[in-house]
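Report on one structure; see the data block that follows.
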Amino acid sequence: MKSFFKFFMTIIVCISLMVFLTTDTYANGTAGGTLITAGFDASVANTADTFGDLVVQYQAVSGGANIYATPASAANVNVSNIFGNQFSDTYLSTIVASGDTAWYSLTITNKGNASDTIFFDSSSFNFLGALGADSIQVSFWNAAQTAKITNTSMLAAEASEVVYVAVYFANGLNNGDSMNFIVRAIANNGLGGDTGGYIGANSTGYAGDGDDTILLSAEISSAIPAIYVSKSVQVDNTGLVGFDGDTANVVPGSVLLYSIRYDNDGDGSGYNVAIIAYIPENTDLDTATAAMTMPDTNNVGSVVIEFSNDGSTWSTSAPANVNRIRWTLTNPVLANNNSEGTDTVGVVDGDIQDADSGRFQYRVIVK
């Protein structure tokens with residue numbers, strides 16, 4: 001019964017995603033307050049000097065002087081304000097640890113034809129597991145994430161603003177607990193937009209999505225990664241010419257091959273993993289491997305290697321006096337402990353490794 005309920009709720013979530021993550025594109029059109037005029041002189045009498053002007057020219061006698069007739073009053077209409085907005089981003093589930101805050105970056109665009117302040121609210125919370133209303137706190141923040149907000153600034157038509165939704169999750173939640181909720185952007189200074197926009201007589205859509213909505217979701221992960229790292233060195237004197245000493249000795253001109261190994265022995269995946277190696281003094285960098293040389297299958301072909309000489313500026317090509325190398329793993333280091341039956345928890349594995357471990361190498365030449 002419990003499995004059926006979870007399956008049923010999963011279907012509800014998927015349907016909700018299809019409903020709330022579908023947005024249309026609308027034009028904002030002619031600015032609200034614009035006066036559309038017909039039949040008056042803007043500045044020069046008896047001359048059609050503005051769009052919509054009406055001038056009748058005639059003569060009493062053929063070849064006689066021109067006589068002009070103009071309407072006694074103009075036929076004017078004023079374009080009304082319409083309001084609507086649109087979220088440009090969509091989200092699937094975010095993984096967050098108990099006791100942490102999940103941040104969602106949203107971009108809202110004013111799709112009405114008048115400047116507008118757009119307000120935000122949250123509703124329709126759906127909790128699975130031990131999560132409940134007392135387990136979370138939802139707040140809205142400015143683009144710099146420095147101040148809480150309830151609304152955007154005064155956005156001009158077609159202007160956009162980035163806002164953040166922060167969801168704090170209390171401590172003590174269970175692994176796998178999840179939730180989703182709706183964030184609504186309310187147009188017309190919080191009074192509400194023209195619902196769903198509308199289609200003009202020219203078959204063009206106007207006014208955005210009225211009060212646009214987006215479904216946000218998160219899942220609790222109480223699993224913690226534990227990444228261990230080791231470093232080893234080998235001497236390679238095969239490139240020395242005419243050296244008659246012990247080939248095991250490190251001498252000027254020797255090549256040192258360093259191997260860096262990492263191994264995730266935790267029960268959770270490690271995210272945004274970066275490994276920095278400092279090049280030893282009295283050596284010059286020879287080469288560094290960007291390709292994965294061990295079986296971290298989740299990061300094969302997904303490693304960025306960069307170089308620096310000061311630790312603040314990094315480049316994919318080595319600068320002069322390079323003194324450090326950084327490998328950034330663009331995918332999580334998964335927790336696949338004992339996937340090959342050889343994992344030793346708490347230490348970095350040797351040459352026979354699990355898929356939660358990897359190795360990089362770099363070579364230096366002793367000056």
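Naming works like this for the structure tokens: A, B, ... for the chains as they're shown, residue 1 at the start of each chain, ligands 1 onward in shown order.
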Env of Asp310 in chain A: 10 Å cut, atoms = only C-alpha atoms, seq-sep filter 4 positions within chain, self excluded. Answer as an mmCIF file with C-alpha atoms, in the first residue's frame.
```cif
data_model
loop_
_atom_site.group_PDB
_atom_site.id
_atom_site.type_symbol
_atom_site.label_atom_id
_atom_site.label_comp_id
_atom_site.auth_asym_id
_atom_site.auth_seq_id
_atom_site.Cartn_x
_atom_site.Cartn_y
_atom_site.Cartn_z
ATOM 1 C CA TRP A 314 43.048 30.131 -13.553
ATOM 2 C CA ASN A 321 55.853 30.414 -13.542
ATOM 3 C CA VAL A 322 52.877 28.067 -13.133
ATOM 4 C CA ASN A 323 52.864 26.648 -9.626
ATOM 5 C CA ARG A 324 49.568 24.819 -9.224
#
```
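Contact shell of range 212-218 of chain A at 7 Å (only C-alpha atoms; same-chain neighbours under 5 positions omitted): Leu17, Phe20, Leu21, Asn85, Gln86, Phe87, Thr90, Tyr91, Leu92, Ser93, Thr94, Ile95, Val96, Ser178, Met179, Asn180, Phe181, Ile182, Val183, Arg184 and Ala185 of chain A.
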- Note on the structure: The residue from A:Pro225, A:Gly129, A:Gly239, A:Pro280 with the smallest atom-to-atom distance to Asp263 in chain A, counting only C-alpha atoms, is A:Pro225
- Message: Could you pull out the strand (DSSP E or B) residues of range 25-64 of chain A, going by DSSP on the backbone, and write them as a ChimeraX atom specification?
- Response: /A:27,35-36,56-59
Could you dump the residues just selected with C-alpha atoms as a tab-separated table (two decimals), in the first residue's frame?
```
chain	number	residue	atom	x	y	z
A	27	ALA	CA	4.23	40.16	-26.72
A	35	LEU	CA	-2.92	57.98	-27.32
A	36	ILE	CA	-4.01	56.78	-30.74
A	56	VAL	CA	-9.90	67.66	-46.95
A	57	GLN	CA	-8.74	69.95	-49.76
A	58	TYR	CA	-11.13	71.41	-52.37
A	59	GLN	CA	-11.68	74.42	-54.64
```
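Closest approach to Gly192 in chain A from the set A:Ile220, A:Asp265, A:Asp116, A:Ser73 is made by A:Asp116, with distances taken over only C-alpha atoms.
Nearest residue to Asp121 in chain A, choosing from A:Thr247, A:Ser222, A:Asn151, A:Asn237 and counting only C-alpha atoms: A:Asn151.
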- Message: Report as a list in words all protein, DNA and RNA residues lying within 9 Å of Phe51 in chain A, evaluated on only C-alpha atoms, omitting residues in the same chain fewer than 2 positions from it.
- Response: Thr37, Ala38, Ala48, Asp49, Asp53 and Leu54 of chain A
- For each of A:Phe140, A:Tyr228, A:Ala69, A:Asn110, take the minimum atom-to-atom distance to Ser122 in chain A, counting only C-alpha atoms, then give the residue where this is smallest. A:Phe140
- Message: Please compute the CA of Gly311 in chain A-CA of Ser230 in chain A distance, one decimal, in Å.
- Response: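 Straight-line distance from CA of Gly311 in chain A to CA of Ser230 in chain A works out to 21.2 Å.
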- Task: Would you please work out which residue, of A:Leu173, A:Ile67, A:Ala355, A:Leu257, is nearest to Leu128 in chain A when using only C-alpha atoms?
- Result: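 Smallest distance to Leu128 in chain A is found for A:Leu173.
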